[in-house]
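Chemist: Next comes structure_19.pdb, PDB, C-alpha atoms, pLDDT in the B column:
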```pdb
ATOM      1  CA  MET A1254     -56.424 -36.339 -29.344  1.00 44.00           C
ATOM      2  CA  LYS A1255     -56.601 -33.187 -31.439  1.00 46.00           C
ATOM      3  CA  PHE A1256     -55.840 -29.653 -30.307  1.00 41.00           C
ATOM      4  CA  SER A1257     -57.179 -26.510 -31.831  1.00 44.00           C
ATOM      5  CA  TYR A1258     -54.777 -23.787 -32.941  1.00 43.00           C
ATOM      6  CA  SER A1259     -55.494 -21.654 -29.871  1.00 43.00           C
ATOM      7  CA  GLU A1260     -54.994 -24.639 -27.550  1.00 45.00           C
ATOM      8  CA  HIS A1261     -51.740 -25.539 -29.385  1.00 44.00           C
ATOM      9  CA  LYS A1262     -50.574 -21.927 -28.944  1.00 46.00           C
ATOM     10  CA  ASN A1263     -51.382 -22.075 -25.212  1.00 50.00           C
ATOM     11  CA  ILE A1264     -49.450 -25.358 -24.831  1.00 50.00           C
ATOM     12  CA  ASN A1265     -46.397 -23.767 -26.545  1.00 50.00           C
ATOM     13  CA  GLN A1266     -46.631 -20.792 -24.150  1.00 58.00           C
ATOM     14  CA  ILE A1267     -46.862 -23.143 -21.180  1.00 53.00           C
ATOM     15  CA  ILE A1268     -43.817 -25.086 -22.432  1.00 52.00           C
ATOM     16  CA  LYS A1269     -41.833 -21.842 -22.989  1.00 54.00           C
ATOM     17  CA  THR A1270     -42.828 -20.550 -19.565  1.00 58.00           C
ATOM     18  CA  ALA A1271     -41.926 -23.838 -17.917  1.00 51.00           C
ATOM     19  CA  SER A1272     -38.566 -23.891 -19.759  1.00 55.00           C
ATOM     20  CA  SER A1273     -37.857 -20.338 -18.624  1.00 55.00           C
ATOM     21  CA  LEU A1274     -38.703 -21.230 -15.021  1.00 54.00           C
ATOM     22  CA  VAL A1275     -36.450 -24.313 -15.144  1.00 54.00           C
ATOM     23  CA  LEU A1276     -33.583 -22.212 -16.594  1.00 51.00           C
ATOM     24  CA  LEU A1277     -34.147 -19.549 -13.949  1.00 52.00           C
ATOM     25  CA  ALA A1278     -34.105 -22.207 -11.205  1.00 56.00           C
ATOM     26  CA  VAL A1279     -30.849 -23.689 -12.567  1.00 52.00           C
ATOM     27  CA  LEU A1280     -29.218 -20.230 -12.645  1.00 51.00           C
ATOM     28  CA  PHE A1281     -30.424 -19.519  -9.117  1.00 55.00           C
ATOM     29  CA  LEU A1282     -28.967 -22.805  -7.865  1.00 54.00           C
ATOM     30  CA  ALA A1283     -25.673 -22.133  -9.653  1.00 54.00           C
ATOM     31  CA  VAL A1284     -25.372 -18.742  -7.970  1.00 53.00           C
ATOM     32  CA  ALA A1285     -26.561 -20.072  -4.609  1.00 55.00           C
ATOM     33  CA  CYS A1286     -23.987 -22.878  -4.709  1.00 53.00           C
ATOM     34  CA  THR A1287     -20.937 -20.616  -4.914  1.00 56.00           C
ATOM     35  CA  SER A1288     -17.969 -21.270  -2.705  1.00 59.00           C
ATOM     36  CA  ASN A1289     -18.437 -21.667   1.021  1.00 62.00           C
ATOM     37  CA  ASN A1290     -14.730 -21.141   1.537  1.00 68.00           C
ATOM     38  CA  PRO A1291     -14.273 -20.250   5.245  1.00 67.00           C
ATOM     39  CA  GLU A1292     -11.876 -17.376   4.431  1.00 67.00           C
ATOM     40  CA  GLU A1293     -14.357 -15.866   1.951  1.00 63.00           C
ATOM     41  CA  LEU A1294     -17.231 -16.212   4.411  1.00 56.00           C
ATOM     42  CA  LYS A1295     -15.113 -14.668   7.176  1.00 60.00           C
ATOM     43  CA  ALA A1296     -14.193 -11.766   4.879  1.00 57.00           C
ATOM     44  CA  ILE A1297     -17.878 -11.116   4.237  1.00 56.00           C
ATOM     45  CA  GLU A1298     -18.696 -11.415   7.917  1.00 54.00           C
ATOM     46  CA  ASP A1299     -15.688  -9.483   9.277  1.00 58.00           C
ATOM     47  CA  GLN A1300     -15.498  -6.135   7.513  1.00 61.00           C
ATOM     48  CA  THR A1301     -12.353  -5.172   9.442  1.00 63.00           C
ATOM     49  CA  ILE A1302     -10.196  -7.430   7.249  1.00 76.00           C
ATOM     50  CA  LEU A1303     -11.286  -5.607   4.103  1.00 84.00           C
ATOM     51  CA  PRO A1304      -9.989  -2.144   3.236  1.00 85.00           C
ATOM     52  CA  SER A1305     -12.558   0.599   3.761  1.00 87.00           C
ATOM     53  CA  LEU A1306     -10.911   2.560   0.953  1.00 88.00           C
ATOM     54  CA  GLU A1307      -8.958   1.456  -2.131  1.00 91.00           C
ATOM     55  CA  VAL A1308      -7.436   4.061  -4.436  1.00 92.00           C
ATOM     56  CA  THR A1309      -5.318   3.515  -7.544  1.00 94.00           C
ATOM     57  CA  ASP A1310      -2.805   6.093  -8.795  1.00 95.00           C
ATOM     58  CA  PHE A1311      -3.055   8.079  -5.571  1.00 94.00           C
ATOM     59  CA  GLU A1312      -1.214  11.370  -5.121  1.00 94.00           C
ATOM     60  CA  THR A1313      -1.620  13.885  -2.310  1.00 92.00           C
ATOM     61  CA  PHE A1314       0.076  16.811  -0.596  1.00 91.00           C
ATOM     62  CA  VAL A1315       0.014  16.894   3.216  1.00 88.00           C
ATOM     63  CA  THR A1316       0.109  20.391   4.705  1.00 88.00           C
ATOM     64  CA  ASP A1317       0.712  21.811   8.162  1.00 84.00           C
ATOM     65  CA  SER A1318      -0.291  25.412   8.942  1.00 84.00           C
ATOM     66  CA  GLY A1319      -0.704  26.087   5.237  1.00 84.00           C
ATOM     67  CA  LYS A1320       2.763  24.797   4.338  1.00 86.00           C
ATOM     68  CA  VAL A1321       3.355  21.675   2.243  1.00 89.00           C
ATOM     69  CA  ARG A1322       5.134  19.090   4.407  1.00 88.00           C
ATOM     70  CA  TYR A1323       4.872  15.861   2.371  1.00 89.00           C
ATOM     71  CA  HIS A1324       4.022  14.761  -1.145  1.00 94.00           C
ATOM     72  CA  ILE A1325       2.921  11.113  -1.347  1.00 94.00           C
ATOM     73  CA  ILE A1326       2.637   9.217  -4.649  1.00 96.00           C
ATOM     74  CA  THR A1327       1.582   5.546  -4.940  1.00 96.00           C
ATOM     75  CA  PRO A1328       0.031   3.258  -7.557  1.00 97.00           C
ATOM     76  CA  LEU A1329      -2.229   1.640  -4.910  1.00 96.00           C
ATOM     77  CA  LEU A1330      -3.464   2.716  -1.478  1.00 94.00           C
ATOM     78  CA  LEU A1331      -5.519   0.503   0.869  1.00 95.00           C
ATOM     79  CA  ASN A1332      -6.946   2.100   4.015  1.00 94.00           C
ATOM     80  CA  PHE A1333      -7.883  -0.140   6.964  1.00 92.00           C
ATOM     81  CA  ASP A1334      -9.474   2.349   9.370  1.00 89.00           C
ATOM     82  CA  LYS A1335     -11.861  -0.217  10.930  1.00 87.00           C
ATOM     83  CA  LYS A1336      -8.992  -2.148  12.550  1.00 85.00           C
ATOM     84  CA  ASP A1337      -8.184  -1.815  16.266  1.00 83.00           C
ATOM     85  CA  ASP A1338      -4.828  -0.411  15.150  1.00 88.00           C
ATOM     86  CA  PRO A1339      -5.785   1.422  11.923  1.00 92.00           C
ATOM     87  CA  TYR A1340      -3.241   1.613   9.116  1.00 94.00           C
ATOM     88  CA  THR A1341      -2.793   2.499   5.470  1.00 95.00           C
ATOM     89  CA  GLU A1342      -1.062  -0.022   3.237  1.00 96.00           C
ATOM     90  CA  TYR A1343       0.845   0.722   0.044  1.00 97.00           C
ATOM     91  CA  PRO A1344       1.216  -2.794  -1.439  1.00 96.00           C
ATOM     92  CA  LYS A1345       2.930  -1.538  -4.604  1.00 97.00           C
ATOM     93  CA  GLY A1346       5.125   0.952  -2.784  1.00 96.00           C
ATOM     94  CA  GLY A1347       5.528   4.551  -3.769  1.00 96.00           C
ATOM     95  CA  GLN A1348       7.407   7.739  -3.094  1.00 96.00           C
ATOM     96  CA  ILE A1349       7.394  10.255  -0.241  1.00 94.00           C
ATOM     97  CA  ILE A1350       8.902  13.699  -0.752  1.00 94.00           C
ATOM     98  CA  THR A1351       9.404  15.859   2.348  1.00 91.00           C
ATOM     99  CA  PHE A1352       9.696  19.635   2.314  1.00 90.00           C
ATOM    100  CA  LYS A1353      11.368  22.256   4.480  1.00 86.00           C
ATOM    101  CA  GLU A1354       9.487  25.252   5.884  1.00 81.00           C
ATOM    102  CA  ASP A1355      10.182  27.230   2.689  1.00 81.00           C
ATOM    103  CA  GLU A1356       8.717  24.313   0.640  1.00 81.00           C
ATOM    104  CA  VAL A1357      12.118  23.321  -0.777  1.00 87.00           C
ATOM    105  CA  ILE A1358      12.588  19.541  -1.109  1.00 90.00           C
ATOM    106  CA  ASP A1359      14.257  18.193   2.017  1.00 89.00           C
ATOM    107  CA  ALA A1360      14.427  14.436   1.304  1.00 93.00           C
ATOM    108  CA  GLN A1361      12.877  11.726  -0.878  1.00 95.00           C
ATOM    109  CA  ILE A1362      12.156   8.081  -0.143  1.00 96.00           C
ATOM    110  CA  LYS A1363      11.111   5.363  -2.597  1.00 97.00           C
ATOM    111  CA  CYS A1364      10.171   1.782  -1.765  1.00 97.00           C
ATOM    112  CA  LYS A1365       8.297  -1.224  -3.185  1.00 97.00           C
ATOM    113  CA  TYR A1366       6.013  -1.692  -0.143  1.00 98.00           C
ATOM    114  CA  ALA A1367       4.943   0.423   2.834  1.00 97.00           C
ATOM    115  CA  ILE A1368       2.572   0.560   5.790  1.00 97.00           C
ATOM    116  CA  HIS A1369       1.669   3.688   7.747  1.00 96.00           C
ATOM    117  CA  LYS A1370       0.384   3.109  11.299  1.00 95.00           C
ATOM    118  CA  ASP A1371      -2.093   5.922  11.845  1.00 91.00           C
ATOM    119  CA  LYS A1372      -2.088   6.108  15.665  1.00 93.00           C
ATOM    120  CA  ASP A1373       1.690   5.794  16.028  1.00 93.00           C
ATOM    121  CA  GLN A1374       2.457   7.981  12.998  1.00 93.00           C
ATOM    122  CA  LEU A1375       5.001   5.346  11.993  1.00 95.00           C
ATOM    123  CA  TRP A1376       6.019   4.427   8.451  1.00 96.00           C
ATOM    124  CA  ASP A1377       7.369   0.935   7.800  1.00 97.00           C
ATOM    125  CA  LEU A1378       9.102   1.149   4.397  1.00 97.00           C
ATOM    126  CA  ARG A1379      10.275  -2.123   2.826  1.00 97.00           C
ATOM    127  CA  ASN A1380      11.780  -3.743  -0.257  1.00 96.00           C
ATOM    128  CA  ASN A1381      14.425  -1.805  -2.197  1.00 96.00           C
ATOM    129  CA  VAL A1382      14.124   1.291  -0.043  1.00 97.00           C
ATOM    130  CA  GLU A1383      16.089   4.240  -1.396  1.00 97.00           C
ATOM    131  CA  ALA A1384      16.264   7.574   0.383  1.00 96.00           C
ATOM    132  CA  VAL A1385      18.063  10.691  -0.856  1.00 96.00           C
ATOM    133  CA  ASN A1386      18.744  13.682   1.355  1.00 94.00           C
ATOM    134  CA  GLN A1387      19.123  17.331   0.303  1.00 92.00           C
ATOM    135  CA  ASP A1388      22.892  16.914  -0.195  1.00 93.00           C
ATOM    136  CA  GLY A1389      22.408  14.014  -2.629  1.00 94.00           C
ATOM    137  CA  VAL A1390      23.533  11.319  -0.173  1.00 96.00           C
ATOM    138  CA  VAL A1391      21.785   8.049  -1.098  1.00 97.00           C
ATOM    139  CA  PHE A1392      20.658   5.508   1.529  1.00 97.00           C
ATOM    140  CA  ASN A1393      19.758   1.960   0.419  1.00 98.00           C
ATOM    141  CA  SER A1394      18.222  -0.720   2.655  1.00 97.00           C
ATOM    142  CA  GLU A1395      15.561  -3.423   2.658  1.00 97.00           C
ATOM    143  CA  GLN A1396      13.693  -1.708   5.502  1.00 97.00           C
ATOM    144  CA  LEU A1397      13.549   1.739   7.055  1.00 97.00           C
ATOM    145  CA  TYR A1398      11.232   3.039   9.775  1.00 97.00           C
ATOM    146  CA  TRP A1399      10.224   6.673   9.829  1.00 95.00           C
ATOM    147  CA  ASP A1400       8.806   7.835  13.157  1.00 95.00           C
ATOM    148  CA  GLU A1401       7.002  11.113  12.466  1.00 91.00           C
ATOM    149  CA  LYS A1402       6.413  11.866  16.177  1.00 92.00           C
ATOM    150  CA  GLU A1403      10.093  11.447  17.089  1.00 93.00           C
ATOM    151  CA  GLU A1404      11.211  12.894  13.718  1.00 92.00           C
ATOM    152  CA  LYS A1405      13.727  10.122  13.146  1.00 95.00           C
ATOM    153  CA  ILE A1406      14.500   7.348  10.664  1.00 96.00           C
ATOM    154  CA  TYR A1407      16.039   4.069  11.759  1.00 97.00           C
ATOM    155  CA  THR A1408      16.687   0.414  10.891  1.00 97.00           C
ATOM    156  CA  ASP A1409      18.579  -2.576  12.205  1.00 96.00           C
ATOM    157  CA  LYS A1410      18.981  -4.028   8.680  1.00 96.00           C
ATOM    158  CA  PHE A1411      21.878  -3.793   6.228  1.00 97.00           C
ATOM    159  CA  ILE A1412      22.437  -0.220   5.027  1.00 97.00           C
ATOM    160  CA  LYS A1413      24.496   1.264   2.215  1.00 97.00           C
ATOM    161  CA  ILE A1414      25.209   4.987   2.152  1.00 96.00           C
ATOM    162  CA  THR A1415      26.644   6.537  -0.998  1.00 96.00           C
ATOM    163  CA  THR A1416      28.126  10.023  -0.748  1.00 94.00           C
ATOM    164  CA  GLU A1417      30.075  12.002  -3.320  1.00 91.00           C
ATOM    165  CA  ASP A1418      33.352  10.598  -1.954  1.00 91.00           C
ATOM    166  CA  GLU A1419      32.646   7.165  -0.504  1.00 93.00           C
ATOM    167  CA  VAL A1420      30.347   4.179  -0.061  1.00 95.00           C
ATOM    168  CA  ILE A1421      29.755   3.107   3.536  1.00 95.00           C
ATOM    169  CA  THR A1422      28.096  -0.210   4.392  1.00 96.00           C
ATOM    170  CA  GLY A1423      26.969  -1.623   7.691  1.00 96.00           C
ATOM    171  CA  TYR A1424      24.097  -2.726   9.877  1.00 97.00           C
ATOM    172  CA  GLY A1425      21.711  -0.427  11.697  1.00 96.00           C
ATOM    173  CA  LEU A1426      21.084   3.264  11.137  1.00 96.00           C
ATOM    174  CA  THR A1427      19.725   6.159  13.146  1.00 96.00           C
ATOM    175  CA  ALA A1428      19.061   9.491  11.407  1.00 96.00           C
ATOM    176  CA  ASN A1429      17.013  12.633  11.741  1.00 94.00           C
ATOM    177  CA  GLN A1430      13.982  12.685   9.447  1.00 90.00           C
ATOM    178  CA  ASN A1431      15.617  14.689   6.659  1.00 91.00           C
ATOM    179  CA  MET A1432      18.649  12.360   6.930  1.00 93.00           C
ATOM    180  CA  SER A1433      21.132  15.222   7.132  1.00 93.00           C
ATOM    181  CA  GLU A1434      22.577  13.717  10.339  1.00 94.00           C
ATOM    182  CA  TYR A1435      23.022   9.954  10.528  1.00 95.00           C
ATOM    183  CA  GLU A1436      24.990   7.234  12.249  1.00 95.00           C
ATOM    184  CA  ILE A1437      25.558   3.598  11.287  1.00 95.00           C
ATOM    185  CA  THR A1438      25.426   1.265  14.283  1.00 94.00           C
ATOM    186  CA  LYS A1439      27.973  -1.247  12.984  1.00 94.00           C
ATOM    187  CA  VAL A1440      30.127  -0.219  10.001  1.00 92.00           C
ATOM    188  CA  SER A1441      31.227  -3.168   7.863  1.00 91.00           C
ATOM    189  CA  GLY A1442      33.041  -1.358   5.069  1.00 86.00           C
ATOM    190  CA  ILE A1443      34.116   1.986   3.608  1.00 84.00           C
ATOM    191  CA  LEU A1444      35.041   2.361  -0.043  1.00 86.00           C
ATOM    192  CA  ASP A1445      36.712   5.565  -1.195  1.00 85.00           C
ATOM    193  CA  ILE A1446      35.356   6.580  -4.614  1.00 79.00           C
ATOM    194  CA  LYS A1447      37.237   9.834  -5.125  1.00 70.00           C
ATOM    195  CA  GLU A1448      38.873  10.112  -8.526  1.00 59.00           C
TER
END
```
What is this structure when it is put down as C-alpha coordinates?
Modeler:
Amino acid sequence: MKFSYSEHKNINQIIKTASSLVLLAVLFLAVACTSNNPEELKAIEDQTILPSLEVTDFETFVTDSGKVRYHIITPLLLNFDKKDDPYTEYPKGGQIITFKEDEVIDAQIKCKYAIHKDKDQLWDLRNNVEAVNQDGVVFNSEQLYWDEKEEKIYTDKFIKITTEDEVITGYGLTANQNMSEYEITKVSGILDIKE
(Lines of atoms letter the chains of each structure in order from A and count residues from 1; the text may use other names and numbers.)
(Lines give C-alpha, C1' and ligand atoms only; values in the text may rest on other atoms or scores of the structure.)
Protein backbone atom coordinates (compact mmCIF):
# COMPACT_ATOMS: atom_id res chain seq x y z
CA MET A 1 0.00 0.00 0.00
CA LYS A 2 1.36 3.40 -0.97
CA PHE A 3 0.65 6.71 0.73
CA SER A 4 0.86 10.10 -0.85
CA TYR A 5 2.98 12.80 0.77
CA SER A 6 -0.06 14.55 2.24
CA GLU A 7 -1.42 11.27 3.63
CA HIS A 8 2.04 10.43 5.07
CA LYS A 9 2.12 13.88 6.70
CA ASN A 10 -1.34 13.30 8.20
CA ILE A 11 -0.28 9.89 9.58
CA ASN A 12 2.80 11.51 11.23
CA GLN A 13 0.52 14.16 12.80
CA ILE A 14 -1.83 11.46 14.05
CA ILE A 15 1.11 9.52 15.54
CA LYS A 16 2.50 12.69 17.21
CA THR A 17 -0.93 13.59 18.55
CA ALA A 18 -1.49 10.07 19.84
CA SER A 19 1.98 10.06 21.46
CA SER A 20 1.24 13.39 23.13
CA LEU A 21 -2.09 12.09 24.43
CA VAL A 22 -0.44 8.93 25.79
CA LEU A 23 2.27 11.03 27.51
CA LEU A 24 -0.38 13.36 28.92
CA ALA A 25 -2.37 10.37 30.23
CA VAL A 26 0.75 8.89 31.87
CA LEU A 27 1.54 12.23 33.56
CA PHE A 28 -2.06 12.55 34.73
CA LEU A 29 -1.97 9.05 36.23
CA ALA A 30 1.36 9.76 37.92
CA VAL A 31 -0.05 12.88 39.56
CA ALA A 32 -3.36 11.20 40.39
CA CYS A 33 -1.56 8.29 42.06
CA THR A 34 0.25 10.38 44.67
CA SER A 35 0.28 9.27 48.26
CA ASN A 36 -2.96 8.43 50.01
CA ASN A 37 -1.22 8.67 53.35
CA PRO A 38 -4.00 9.04 55.98
CA GLU A 39 -2.13 11.86 57.79
CA GLU A 40 -1.71 13.81 54.54
CA LEU A 41 -5.36 13.32 53.61
CA LYS A 42 -6.44 14.37 57.11
CA ALA A 43 -4.25 17.49 56.87
CA ILE A 44 -5.96 18.42 53.62
CA GLU A 45 -9.38 17.70 55.06
CA ASP A 46 -8.83 19.26 58.51
CA GLN A 47 -7.54 22.80 58.04
CA THR A 48 -7.29 23.32 61.81
CA ILE A 49 -4.10 21.24 62.00
CA LEU A 50 -2.34 23.52 59.51
CA PRO A 51 -1.12 26.98 60.48
CA SER A 52 -3.26 29.78 59.05
CA LEU A 53 -0.17 31.99 58.99
CA GLU A 54 3.54 31.18 58.63
CA VAL A 55 6.11 33.97 58.83
CA THR A 56 9.90 33.71 58.66
CA ASP A 57 12.21 36.28 60.27
CA PHE A 58 9.33 37.84 62.19
CA GLU A 59 9.83 40.94 64.33
CA THR A 60 7.15 43.09 65.95
CA PHE A 61 6.57 45.66 68.67
CA VAL A 62 3.47 45.26 70.84
CA THR A 63 2.08 48.52 72.21
CA ASP A 64 -0.44 49.45 74.88
CA SER A 65 -1.91 52.97 74.97
CA GLY A 66 0.77 54.14 72.57
CA LYS A 67 3.63 52.78 74.67
CA VAL A 68 5.89 49.93 73.55
CA ARG A 69 5.38 46.98 75.92
CA TYR A 70 7.09 44.07 74.13
CA HIS A 71 9.49 43.48 71.27
CA ILE A 72 9.26 39.96 69.82
CA ILE A 73 11.88 38.52 67.44
CA THR A 74 11.75 34.99 65.97
CA PRO A 75 13.09 33.15 62.93
CA LEU A 76 9.74 31.33 62.45
CA LEU A 77 6.18 32.03 63.58
CA LEU A 78 3.23 29.65 63.02
CA ASN A 79 -0.25 30.91 63.90
CA PHE A 80 -3.01 28.36 64.59
CA ASP A 81 -6.06 30.61 65.01
CA LYS A 82 -8.55 28.01 63.68
CA LYS A 83 -8.02 25.72 66.70
CA ASP A 84 -10.55 25.52 69.55
CA ASP A 85 -7.76 26.86 71.77
CA PRO A 86 -5.87 29.15 69.35
CA TYR A 87 -2.12 29.56 69.78
CA THR A 88 1.01 30.88 68.13
CA GLU A 89 4.01 28.57 67.92
CA TYR A 90 7.65 29.61 67.69
CA PRO A 91 9.30 26.30 66.69
CA LYS A 92 12.77 27.85 66.39
CA GLY A 93 12.43 29.96 69.52
CA GLY A 94 13.21 33.62 69.71
CA GLN A 95 13.55 36.58 72.00
CA ILE A 96 11.07 38.71 73.96
CA ILE A 97 12.14 42.10 75.30
CA THR A 98 9.79 43.81 77.77
CA PHE A 99 9.72 47.53 78.44
CA LYS A 100 8.79 49.75 81.37
CA GLU A 101 6.34 52.64 81.04
CA ASP A 102 9.17 54.98 79.98
CA GLU A 103 10.16 52.44 77.26
CA VAL A 104 13.38 51.44 79.05
CA ILE A 105 14.19 47.72 78.77
CA ASP A 106 12.76 45.88 81.76
CA ALA A 107 13.70 42.24 81.02
CA GLN A 108 14.73 39.93 78.18
CA ILE A 109 13.97 36.27 77.58
CA LYS A 110 15.51 33.96 74.98
CA CYS A 111 14.54 30.36 74.27
CA LYS A 112 14.78 27.67 71.57
CA TYR A 113 11.02 26.95 71.44
CA ALA A 114 7.85 28.72 72.57
CA ILE A 115 4.06 28.61 72.40
CA HIS A 116 1.74 31.51 73.19
CA LYS A 117 -1.84 30.55 74.15
CA ASP A 118 -3.94 33.40 72.82
CA LYS A 119 -7.02 33.09 75.07
CA ASP A 120 -5.05 32.52 78.28
CA GLN A 121 -2.32 35.03 77.40
CA LEU A 122 0.18 32.41 78.54
CA TRP A 123 3.69 31.90 77.19
CA ASP A 124 5.26 28.45 77.47
CA LEU A 125 9.00 29.00 76.91
CA ARG A 126 11.19 25.89 76.54
CA ASN A 127 14.67 24.60 75.76
CA ASN A 128 17.65 26.62 77.00
CA VAL A 129 15.53 29.42 78.39
CA GLU A 130 17.57 32.40 79.54
CA ALA A 131 16.01 35.46 81.13
CA VAL A 132 17.85 38.61 82.24
CA ASN A 133 16.26 41.24 84.44
CA GLN A 134 17.08 44.97 84.58
CA ASP A 135 19.73 44.41 87.27
CA GLY A 136 21.61 41.88 85.11
CA VAL A 137 20.49 38.83 87.11
CA VAL A 138 20.43 35.81 84.76
CA PHE A 139 17.83 33.02 85.08
CA ASN A 140 18.44 29.70 83.27
CA SER A 141 15.92 26.85 83.01
CA GLU A 142 14.54 24.32 80.54
CA GLN A 143 11.03 25.76 80.90
CA LEU A 144 9.45 28.98 82.11
CA TYR A 145 5.81 30.05 81.98
CA TRP A 146 4.91 33.70 81.65
CA ASP A 147 1.32 34.50 82.59
CA GLU A 148 0.57 37.94 81.13
CA LYS A 149 -2.81 38.24 82.91
CA GLU A 150 -1.34 37.50 86.35
CA GLU A 151 1.93 39.30 85.47
CA LYS A 152 4.07 36.49 86.82
CA ILE A 153 6.72 34.01 85.66
CA TYR A 154 6.98 30.54 87.13
CA THR A 155 8.32 27.00 86.70
CA ASP A 156 8.59 23.76 88.62
CA LYS A 157 11.77 22.75 86.72
CA PHE A 158 15.43 23.13 87.65
CA ILE A 159 16.48 26.80 87.84
CA LYS A 160 19.85 28.51 88.04
CA ILE A 161 20.06 32.16 89.03
CA THR A 162 23.33 34.02 88.55
CA THR A 163 23.76 37.35 90.31
CA GLU A 164 26.84 39.53 90.63
CA ASP A 165 27.78 37.78 93.88
CA GLU A 166 26.44 34.23 93.74
CA VAL A 167 24.93 31.35 91.78
CA ILE A 168 21.77 29.86 93.27
CA THR A 169 20.33 26.56 92.02
CA GLY A 170 17.11 24.80 92.86
CA TYR A 171 13.74 23.59 91.69
CA GLY A 172 10.70 25.77 91.11
CA LEU A 173 10.52 29.53 90.73
CA THR A 174 7.90 32.22 91.16
CA ALA A 175 8.67 35.78 90.02
CA ASN A 176 6.97 38.96 88.95
CA GLN A 177 7.02 39.49 85.19
CA ASN A 178 10.08 41.73 85.13
CA MET A 179 11.82 39.22 87.44
CA SER A 180 12.93 41.89 89.90
CA GLU A 181 11.31 39.90 92.75
CA TYR A 182 11.69 36.12 92.75
CA GLU A 183 11.66 33.10 95.00
CA ILE A 184 13.02 29.59 94.46
CA THR A 185 10.70 26.90 95.81
CA LYS A 186 13.43 24.43 96.79
CA VAL A 187 17.03 25.71 96.92
CA SER A 188 19.60 23.01 96.20
CA GLY A 189 22.79 25.05 96.25
CA ILE A 190 24.37 28.49 96.68
CA LEU A 191 27.82 29.28 95.35
CA ASP A 192 29.51 32.51 96.41
CA ILE A 193 31.38 34.03 93.46
CA LYS A 194 32.68 37.21 95.07
CA GLU A 195 36.36 37.83 94.45
Chemist: Distance atom CA of His1369 of chain A-atom CA of Asp1400 of chain A, one decimal place?
Modeler: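 We find that atom CA of His1369 of chain A and atom CA of Asp1400 of chain A lie 9.9 Å from each other.
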Chemist: Kindly indicate which residue among A:Gly1346, A:Gly1389, A:Gly1423, A:Pro1304 lies nearest to Thr1408 of chain A, using only C-alpha atoms for the distances.
Modeler: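 Using only C-alpha atoms, Thr1408 of chain A sits closest to A:Gly1423.
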Chemist: Determine the residue membership of the PyMOL selection byres ((chain A and resi 1398) around 9) for the file above and supply it as a list in words.
Modeler: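 When the PyMOL selection byres ((chain A and resi 1398) around 9) is applied, the selected residues are Leu1375, Trp1376, Asp1377, Leu1378, Arg1379, Gln1396, Leu1397, Trp1399, Asp1400, Lys1405, Ile1406, Tyr1407 and Thr1408 of chain A.
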Chemist: Counting all atoms listed in the file, select every polymer residue within 10 Å of (4.8, 18.0, 5.4) as defined in the file's coordinates, and provide the selection as a list in words.
Modeler: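 Answer for this query, in the requested form: Phe1314, Val1315, Thr1316, Asp1317, Ser1318, Gly1319, Lys1320, Val1321, Arg1322, Tyr1323, His1324, Ile1325, Ile1349, Ile1350, Thr1351, Phe1352, Lys1353, Glu1354 and Glu1356 of chain A.
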Chemist: So that each row is one residue of segment 1344-1436 of chain A with an atom at most 12 Å from segment 1330-1335 of chain A, can you give its shortest atom pair and the distance in Å to one decimal, using only C-alpha atoms, rows by chain and rising number, as JSON lines?
Modeler:
```
{"residue": "A:Pro1344", "atom": "CA", "partner": "A:Leu1330", "partner_atom": "CA", "distance": 7.2}
{"residue": "A:Lys1345", "atom": "CA", "partner": "A:Leu1330", "partner_atom": "CA", "distance": 8.3}
{"residue": "A:Gly1346", "atom": "CA", "partner": "A:Leu1330", "partner_atom": "CA", "distance": 8.9}
{"residue": "A:Gly1347", "atom": "CA", "partner": "A:Leu1330", "partner_atom": "CA", "distance": 9.5}
{"residue": "A:Tyr1366", "atom": "CA", "partner": "A:Leu1330", "partner_atom": "CA", "distance": 10.5}
{"residue": "A:Ala1367", "atom": "CA", "partner": "A:Leu1330", "partner_atom": "CA", "distance": 9.7}
{"residue": "A:Ile1368", "atom": "CA", "partner": "A:Leu1331", "partner_atom": "CA", "distance": 9.5}
{"residue": "A:His1369", "atom": "CA", "partner": "A:Asn1332", "partner_atom": "CA", "distance": 9.5}
{"residue": "A:Lys1370", "atom": "CA", "partner": "A:Phe1333", "partner_atom": "CA", "distance": 9.9}
{"residue": "A:Asp1371", "atom": "CA", "partner": "A:Asp1334", "partner_atom": "CA", "distance": 8.6}
{"residue": "A:Lys1372", "atom": "CA", "partner": "A:Asp1334", "partner_atom": "CA", "distance": 10.4}
```
Chemist: Those selected residues, please, written with C-alpha atoms and delivered as a PDB file, in the coordinates of the input.
Modeler:
```pdb
ATOM      1  CA  PRO A1344       1.216  -2.794  -1.439  1.00 96.00           C
ATOM      2  CA  LYS A1345       2.930  -1.538  -4.604  1.00 97.00           C
ATOM      3  CA  GLY A1346       5.125   0.952  -2.784  1.00 96.00           C
ATOM      4  CA  GLY A1347       5.528   4.551  -3.769  1.00 96.00           C
ATOM      5  CA  TYR A1366       6.013  -1.692  -0.143  1.00 98.00           C
ATOM      6  CA  ALA A1367       4.943   0.423   2.834  1.00 97.00           C
ATOM      7  CA  ILE A1368       2.572   0.560   5.790  1.00 97.00           C
ATOM      8  CA  HIS A1369       1.669   3.688   7.747  1.00 96.00           C
ATOM      9  CA  LYS A1370       0.384   3.109  11.299  1.00 95.00           C
ATOM     10  CA  ASP A1371      -2.093   5.922  11.845  1.00 91.00           C
ATOM     11  CA  LYS A1372      -2.088   6.108  15.665  1.00 93.00           C
TER      12      LYS A1372
END
```
Chemist: Which residue is closest to Phe1411 of chain A? Choose from A:Val1440, A:Val1391, A:Ile1326, A:Met1432 and count all atoms listed in the file.
Modeler: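 For Phe1411 of chain A, the nearest of the given residues is A:Val1440.
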Chemist: Take the PyMOL selection byres ((chain A and resi 1443-1448) around 10), apply it to the structure above, and return the hits as a list of chain:residue names.
Modeler: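 Those residues are A:Lys1413, A:Ile1414, A:Thr1415, A:Thr1416, A:Glu1417, A:Asp1418, A:Glu1419, A:Val1420, A:Ile1421, A:Thr1422, A:Gly1423, A:Val1440, A:Ser1441, A:Gly1442.
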Chemist: One decimal, in Å: what's the spacing between atom CA of Phe1311 of chain A and atom CA of Glu1403 of chain A?
Modeler: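 Interatomic distance here is 26.4 Å.
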Chemist: May I ask which of the residues A:Ile1412, A:Tyr1340, A:Lys1363, A:Ser1305 is the closest one to Asn1393 of chain A, counting all atoms listed in the file?
Modeler: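 Between A:Ile1412, A:Tyr1340, A:Lys1363, A:Ser1305, the residue approaching Asn1393 of chain A most closely is A:Ile1412.
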